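Source file: my_file-v1.txt. Holds: compact mmCIF, C-alpha atoms.
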# COMPACT_ATOMS: atom_id res chain seq x y z
CA MET A 1 151.40 160.86 110.90
CA SER A 2 152.00 157.83 108.70
CA ALA A 3 149.80 155.39 106.84
CA ALA A 4 148.91 152.40 108.99
CA MET A 5 148.46 150.17 105.96
CA SER A 6 147.56 149.96 102.30
CA ARG A 7 145.49 147.37 100.47
CA TYR A 8 143.08 146.95 97.58
CA GLU A 9 139.34 147.21 98.18
CA ARG A 10 136.81 145.42 95.99
CA VAL A 11 134.04 147.86 94.98
CA GLU A 12 130.66 146.66 93.72
CA SER A 13 129.50 148.48 90.58
CA HIS A 14 125.93 149.63 89.95
CA ASP A 15 125.48 146.87 87.36
CA GLY A 16 126.48 143.99 89.61
CA GLN A 17 130.14 143.70 88.66
CA ASN A 18 133.14 144.70 90.75
CA PHE A 19 136.43 146.52 90.42
CA ASP A 20 139.49 147.33 92.48
CA ALA A 21 140.41 150.49 94.33
CA TYR A 22 143.77 151.06 95.98
CA CYS A 23 143.28 152.03 99.61
CA ALA A 24 145.63 153.79 102.03
CA VAL A 25 144.55 154.13 105.65
CA PRO A 26 146.01 156.45 108.30
CA ALA A 27 147.20 155.33 111.71
CA THR A 28 144.19 156.88 113.43
CA THR A 29 140.61 156.29 112.31
CA PRO A 30 137.82 157.14 111.78
CA ALA A 31 139.00 159.97 109.55
CA ALA A 32 137.84 162.01 106.58
CA GLY A 33 138.02 160.21 103.24
CA ILE A 34 139.45 161.27 99.89
CA LEU A 35 138.81 159.81 96.45
CA LEU A 36 142.00 160.10 94.38
CA PHE A 37 141.60 159.93 90.60
CA GLN A 38 144.35 158.57 88.37
CA GLU A 39 146.13 160.02 85.36
CA ILE A 40 146.13 158.06 82.09
CA PHE A 41 149.04 156.01 83.49
CA GLY A 42 146.69 154.05 85.76
CA ILE A 43 147.12 153.33 89.47
CA ASN A 44 150.90 153.42 89.34
CA ASP A 45 153.69 154.29 91.77
CA ASN A 46 152.82 157.97 91.49
CA MET A 47 149.18 157.41 92.46
CA ARG A 48 150.03 154.97 95.25
CA GLY A 49 152.62 157.44 96.52
CA LEU A 50 150.08 160.28 96.54
CA ALA A 51 147.54 158.07 98.31
CA GLU A 52 150.09 157.23 100.98
CA GLN A 53 151.05 160.90 101.37
CA LEU A 54 147.39 161.77 101.94
CA ALA A 55 147.01 158.90 104.40
CA GLY A 56 150.08 160.29 106.15
CA GLN A 57 148.13 163.53 106.55
CA GLY A 58 145.33 161.59 108.24
CA TYR A 59 142.92 160.76 105.39
CA VAL A 60 141.40 157.44 104.30
CA VAL A 61 142.14 157.29 100.56
CA LEU A 62 140.56 155.25 97.76
CA VAL A 63 141.92 155.25 94.20
CA PRO A 64 139.42 153.54 91.87
CA ASP A 65 140.66 151.65 88.80
CA VAL A 66 138.71 153.69 86.25
CA PHE A 67 140.04 151.66 83.29
CA TRP A 68 138.66 148.37 84.61
CA ARG A 69 135.86 148.06 82.03
CA VAL A 70 138.49 148.26 79.26
CA GLN A 71 141.59 146.78 80.95
CA ARG A 72 141.91 145.93 84.62
CA ARG A 73 144.89 147.12 86.67
CA PHE A 74 146.66 148.89 83.80
CA GLU A 75 149.64 150.87 85.00
CA SER A 76 152.67 152.52 83.46
CA LYS A 77 155.52 154.15 85.31
CA ASP A 78 156.30 157.06 83.00
CA GLU A 79 155.87 158.62 79.58
CA SER A 80 156.52 155.22 77.94
CA GLY A 81 152.88 154.36 78.65
CA LEU A 82 151.50 157.56 77.15
CA ALA A 83 150.15 156.05 73.91
CA GLU A 84 148.53 153.07 75.62
CA GLY A 85 147.07 155.25 78.36
CA MET A 86 145.66 157.67 75.80
CA ASN A 87 144.12 154.77 73.91
CA LEU A 88 142.46 153.45 77.07
CA SER A 89 141.20 156.87 78.10
CA GLN A 90 139.60 157.37 74.69
CA GLN A 91 137.63 154.14 75.20
CA LEU A 92 136.10 155.30 78.48
CA ASP A 93 132.34 155.70 78.63
CA HIS A 94 132.05 158.75 80.85
CA ALA A 95 128.48 157.90 81.87
CA LEU A 96 129.68 154.53 83.17
CA VAL A 97 132.75 156.10 84.77
CA ALA A 98 130.46 158.52 86.63
CA GLU A 99 128.47 155.51 87.92
CA ASP A 100 131.71 153.81 89.01
CA ILE A 101 132.86 156.96 90.80
CA THR A 102 129.55 157.12 92.65
CA SER A 103 129.92 153.45 93.59
CA THR A 104 133.40 154.20 94.96
CA PHE A 105 132.01 157.21 96.85
CA ALA A 106 129.32 155.01 98.44
CA HIS A 107 131.91 152.36 99.28
CA LEU A 108 134.14 154.91 101.00
CA LEU A 109 131.23 156.32 102.99
CA ALA A 110 130.36 152.80 104.17
CA MET A 111 133.90 151.99 105.33
CA PRO A 112 134.20 152.03 109.14
CA GLU A 113 137.49 153.95 108.81
CA CYS A 114 135.68 156.90 107.16
CA ASP A 115 134.08 159.52 109.40
CA GLY A 116 131.53 160.62 106.80
CA LYS A 117 133.36 163.59 105.27
CA VAL A 118 134.69 162.96 101.75
CA GLY A 119 136.83 165.01 99.41
CA GLY A 120 138.21 164.32 95.96
CA VAL A 121 141.36 165.12 93.99
CA GLY A 122 142.51 164.11 90.53
CA PHE A 123 145.28 164.79 88.05
CA CYS A 124 145.10 165.12 84.23
CA LEU A 125 142.45 162.54 83.26
CA GLY A 126 141.78 162.43 86.99
CA GLY A 127 141.32 166.20 87.03
CA THR A 128 138.41 165.71 84.65
CA LEU A 129 137.12 162.80 86.75
CA ALA A 130 137.34 164.94 89.89
CA TYR A 131 135.06 167.44 88.14
CA LEU A 132 132.74 164.58 87.17
CA PHE A 133 132.72 163.54 90.83
CA ALA A 134 131.93 167.09 91.90
CA THR A 135 129.07 167.61 89.48
CA GLN A 136 127.49 164.15 89.15
CA SER A 137 128.21 161.89 92.13
CA ARG A 138 125.58 161.91 94.84
CA VAL A 139 124.90 159.24 97.47
CA ASP A 140 121.52 159.51 99.20
CA GLY A 141 121.36 163.09 97.97
CA ARG A 142 124.72 164.20 99.30
CA GLY A 143 127.78 165.19 97.35
CA PRO A 144 131.43 165.59 98.34
CA ASN A 145 132.60 168.12 100.90
CA ALA A 146 135.51 169.52 98.86
CA VAL A 147 137.15 168.73 95.49
CA VAL A 148 140.49 169.60 93.86
CA SER A 149 141.04 169.30 90.10
CA TYR A 150 144.52 169.39 88.57
CA TYR A 151 144.64 170.32 84.86
CA GLY A 152 141.59 168.38 83.69
CA SER A 153 141.77 168.70 79.91
CA ALA A 154 138.33 167.23 79.11
CA ILE A 155 136.17 169.27 81.47
CA SER A 156 133.10 170.16 79.44
CA ASP A 157 129.81 171.99 80.01
CA VAL A 158 131.57 173.86 82.77
CA ALA A 159 128.90 176.56 83.02
CA ALA A 160 126.11 174.01 83.52
CA GLY A 161 128.24 171.91 85.85
CA SER A 162 129.14 174.86 88.04
CA GLU A 163 125.50 175.20 89.09
CA LYS A 164 125.73 171.77 90.79
CA VAL A 165 128.75 172.69 92.91
CA ASP A 166 127.63 173.93 96.33
CA PHE A 167 130.86 173.10 98.17
CA PRO A 168 134.47 174.36 97.99
CA MET A 169 136.54 173.54 94.89
CA LEU A 170 140.10 174.28 93.89
CA PHE A 171 141.46 174.14 90.32
CA HIS A 172 145.18 173.99 89.45
CA TYR A 173 146.35 174.76 85.88
CA GLY A 174 149.68 175.26 84.16
CA ALA A 175 149.89 178.60 82.38
CA ASN A 176 152.07 176.94 79.71
CA ASP A 177 149.95 173.81 79.23
CA PRO A 178 150.00 172.81 75.53
CA TYR A 179 146.87 170.66 75.98
CA ILE A 180 144.66 173.20 77.73
CA PRO A 181 144.38 176.62 76.06
CA GLN A 182 144.25 179.46 78.57
CA GLU A 183 140.88 180.38 77.07
CA ARG A 184 139.52 177.16 78.59
CA VAL A 185 140.89 178.14 81.98
CA ASP A 186 139.26 181.54 81.50
CA GLU A 187 135.94 179.73 80.92
CA VAL A 188 136.31 177.84 84.19
CA GLU A 189 137.08 181.08 86.02
CA ALA A 190 134.05 182.77 84.45
CA ALA A 191 131.72 179.84 85.25
CA PHE A 192 132.67 179.97 88.93
CA ALA A 193 132.93 183.75 89.25
CA GLY A 194 129.94 183.81 91.59
CA HIS A 195 131.17 180.95 93.80
CA ALA A 196 133.00 182.41 96.80
CA ASP A 197 134.46 179.01 97.79
CA VAL A 198 135.89 178.14 94.37
CA GLU A 199 139.39 179.20 93.34
CA VAL A 200 141.19 178.79 90.01
CA LEU A 201 144.99 178.95 90.27
CA ARG A 202 147.59 179.09 87.49
CA TYR A 203 151.26 178.13 87.68
CA ASP A 204 154.29 178.90 85.51
CA ALA A 205 154.38 175.29 84.34
CA GLY A 206 153.13 172.92 81.65
CA HIS A 207 150.83 169.90 81.69
CA ALA A 208 151.11 167.18 84.38
CA PHE A 209 153.54 169.35 86.31
CA SER A 210 152.88 167.41 89.53
CA ASN A 211 153.83 163.95 88.23
CA TRP A 212 157.29 163.13 89.62
CA ASP A 213 157.32 159.85 87.63
CA ALA A 214 157.25 161.76 84.32
CA PRO A 215 160.54 163.70 84.27
CA SER A 216 159.83 165.59 81.05
CA LEU A 217 156.63 167.00 82.57
CA TYR A 218 157.46 167.38 86.27
CA ASP A 219 157.98 170.90 87.61
CA LYS A 220 158.96 170.62 91.27
CA PRO A 221 158.41 174.24 92.38
CA ALA A 222 154.91 174.33 90.87
CA ALA A 223 154.14 170.82 92.13
CA ASP A 224 155.24 171.63 95.69
CA LEU A 225 153.26 174.87 95.78
CA ALA A 226 150.10 173.28 94.37
CA TRP A 227 150.36 170.31 96.76
CA SER A 228 150.82 172.54 99.80
CA ARG A 229 147.73 174.49 98.76
CA THR A 230 145.83 171.24 98.23
CA LEU A 231 146.71 170.02 101.72
CA GLU A 232 145.74 173.38 103.24
CA PHE A 233 142.44 173.24 101.34
CA PHE A 234 141.61 169.77 102.63
CA ALA A 235 142.69 170.66 106.18
CA LYS A 236 140.28 173.58 106.10
CA HIS A 237 137.28 171.82 104.56
CA LEU A 238 137.59 168.19 105.70
Conversion result in structure tokens:
Amino acid sequence: MSAAMSRYERVESHDGQNFDAYCAVPATTPAAGILLFQEIFGINDNMRGLAEQLAGQGYVVLVPDVFWRVQRRFESKDESGLAEGMNLSQQLDHALVAEDITSTFAHLLAMPECDGKVGGVGFCLGGTLAYLFATQSRVDGRGPNAVVSYYGSAISDVAAGSEKVDFPMLFHYGANDPYIPQERVDEVEAAFAGHADVEVLRYDAGHAFSNWDAPSLYDKPAADLAWSRTLEFFAKHL
């Protein structure tokens, strides 16, 4: 399958403002939806490419601009934007970001192209935001159907958060990640030890191993394996 089209959606925030979300739509709808959460590089070619790949698999994809309250439509192609992206990410108010994620979730559910099932996946900063989505976003009492988190370095209160996850989750981590000590990954594994539908996977790779736009970080074998598992996971649960 291939994406029928891509566009930007305007999402209304809980406080009466609005922000953009990149949207990729499959050829056949209605279909399950996926919220895709950006790295610190913004909604760049890598994120648009991933959105279009997911649309090609038959999903309606929304990628919210999570930096919009600090700087709208920021994007950087590669590691050259690392410092600026880090600066923007450090200015994020995670309580407001959680509200914006919930607004995007509600927007996706209301789109006629979406069949009512919604998953989430995020990378790096987005891996943390995917966890935020999993544990905090609810629309009319319902949460997502399935969530994938890639190497979220700022996941906190994992034990408390795990109690709110009553749906399948998949975590991908690099075993050689200089930003996420393996002890933190151990904590995630321990927090979800009693959840039969949650899996924590480790790869012989470093941080951001799935980002093909960051050559110094990209690890193709790990990226391909993790992506194939992600697609299998969504095919099973969405």
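If you measure from each of A:Ala110, A:Ile101, A:Leu217, A:Val121 to Ala51 (chain A) using all atoms listed in the file, the closest one turns out to be A:Val121.
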Could you check how far CA of Phe41 (chain A) sits from CA of Glu199 (chain A), in Å to one decimal?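 Interatomic distance here is 27.0 Å.
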So that each row is one residue of region 98-126 of chain A with an atom at most 12 Å from region 130-136 of chain A, can you give its shortest atom pair and the distance in Å to one decimal, using only C-alpha atoms, rows by chain and rising number, as a Markdown table?
| residue | atom | partner | partner_atom | distance |
| --- | --- | --- | --- | --- |
| A:Ala98 | CA | A:Leu132 | CA | 6.5 |
| A:Glu99 | CA | A:Gln136 | CA | 8.8 |
| A:Asp100 | CA | A:Phe133 | CA | 10.0 |
| A:Ile101 | CA | A:Phe133 | CA | 6.6 |
| A:Thr102 | CA | A:Phe133 | CA | 7.4 |
| A:Ser103 | CA | A:Phe133 | CA | 10.8 |
| A:Thr104 | CA | A:Phe133 | CA | 10.2 |
| A:Phe105 | CA | A:Phe133 | CA | 8.8 |
| A:Ala106 | CA | A:Phe133 | CA | 11.9 |
| A:Val118 | CA | A:Ala134 | CA | 11.0 |
| A:Gly119 | CA | A:Ala134 | CA | 9.2 |
| A:Gly120 | CA | A:Ala130 | CA | 6.2 |
| A:Val121 | CA | A:Ala130 | CA | 5.7 |
| A:Gly122 | CA | A:Ala130 | CA | 5.3 |
| A:Phe123 | CA | A:Ala130 | CA | 8.2 |
| A:Cys124 | CA | A:Ala130 | CA | 9.6 |
| A:Leu125 | CA | A:Ala130 | CA | 8.7 |
| A:Gly126 | CA | A:Ala130 | CA | 5.9 |
What is the distance between CA of Thr28 (chain A) and CA of Val61 (chain A), in Å to one decimal?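 Value for the CA of Thr28 (chain A)-CA of Val61 (chain A) distance: 13.0 Å.
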Do you know which residues are at most 8 Å from Ile43 (chain A) counting only C-alpha atoms, after dropping those on the same chain fewer than 6 positions away, and could you put them as a PyMOL selection string? chain A and resi 22+63+65+73-75
Å distance separating CA of Arg48 (chain A) from CA of Trp68 (chain A), one decimal place: 16.9 Å
Shell of 10 Å around Phe209 (chain A), all atoms listed in the file, local chain residues under 3 positions omitted, as a PDB file with C-alpha atoms, in the frame of the given file:
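Output contents, as saved in out_33.pdb:
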ATOM      1  CA  PHE A 123     145.280 164.790  88.050  1.00  0.00           C
ATOM      2  CA  CYS A 124     145.100 165.120  84.230  1.00  0.00           C
ATOM      3  CA  TYR A 150     144.520 169.390  88.570  1.00  0.00           C
ATOM      4  CA  TYR A 151     144.640 170.320  84.860  1.00  0.00           C
ATOM      5  CA  TYR A 173     146.350 174.760  85.880  1.00  0.00           C
ATOM      6  CA  GLY A 174     149.680 175.260  84.160  1.00  0.00           C
ATOM      7  CA  ASP A 177     149.950 173.810  79.230  1.00  0.00           C
ATOM      8  CA  TYR A 203     151.260 178.130  87.680  1.00  0.00           C
ATOM      9  CA  ASP A 204     154.290 178.900  85.510  1.00  0.00           C
ATOM     10  CA  ALA A 205     154.380 175.290  84.340  1.00  0.00           C
ATOM     11  CA  GLY A 206     153.130 172.920  81.650  1.00  0.00           C
ATOM     12  CA  TRP A 212     157.290 163.130  89.620  1.00  0.00           C
ATOM     13  CA  ALA A 214     157.250 161.760  84.320  1.00  0.00           C
ATOM     14  CA  PRO A 215     160.540 163.700  84.270  1.00  0.00           C
ATOM     15  CA  SER A 216     159.830 165.590  81.050  1.00  0.00           C
ATOM     16  CA  LEU A 217     156.630 167.000  82.570  1.00  0.00           C
ATOM     17  CA  TYR A 218     157.460 167.380  86.270  1.00  0.00           C
ATOM     18  CA  ASP A 219     157.980 170.900  87.610  1.00  0.00           C
ATOM     19  CA  LYS A 220     158.960 170.620  91.270  1.00  0.00           C
ATOM     20  CA  PRO A 221     158.410 174.240  92.380  1.00  0.00           C
ATOM     21  CA  ALA A 222     154.910 174.330  90.870  1.00  0.00           C
ATOM     22  CA  ALA A 223     154.140 170.820  92.130  1.00  0.00           C
ATOM     23  CA  ASP A 224     155.240 171.630  95.690  1.00  0.00           C
ATOM     24  CA  ALA A 226     150.100 173.280  94.370  1.00  0.00           C
TER      25      ALA A 226
END
Residues within 12 Å of Leu92 (chain A), please, as an MDAnalysis selection string. Count all atoms listed in the file; anything in the same chain fewer than 2 positions from it doesn't count. chainID A and resid 40 65:71 85:90 94:98 100 125 129
Of the candidates A:Gly58, A:Gly127, A:Pro168, A:Pro181, which one gets nearest to Val25 (chain A) if we count only C-alpha atoms? A:Gly58
Counting only C-alpha atoms, figure out which residue out of A:Lys236, A:Asp213, A:Ala175, A:Ala208 gets nearest to Ser76 (chain A). A:Asp213
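Closest approach to Val185 (chain A) from the set A:Ala154, A:Phe167, A:Met111, A:Gly161 is made by A:Ala154, with distances taken over all atoms listed in the file.
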May I have the residues within 10 Å of Glu189 (chain A) as a ChimeraX atom specification, using all atoms listed in the file and disregarding those fewer than 3 positions away in the same chain? /A:158-159,171,183-186,192-195,198-201
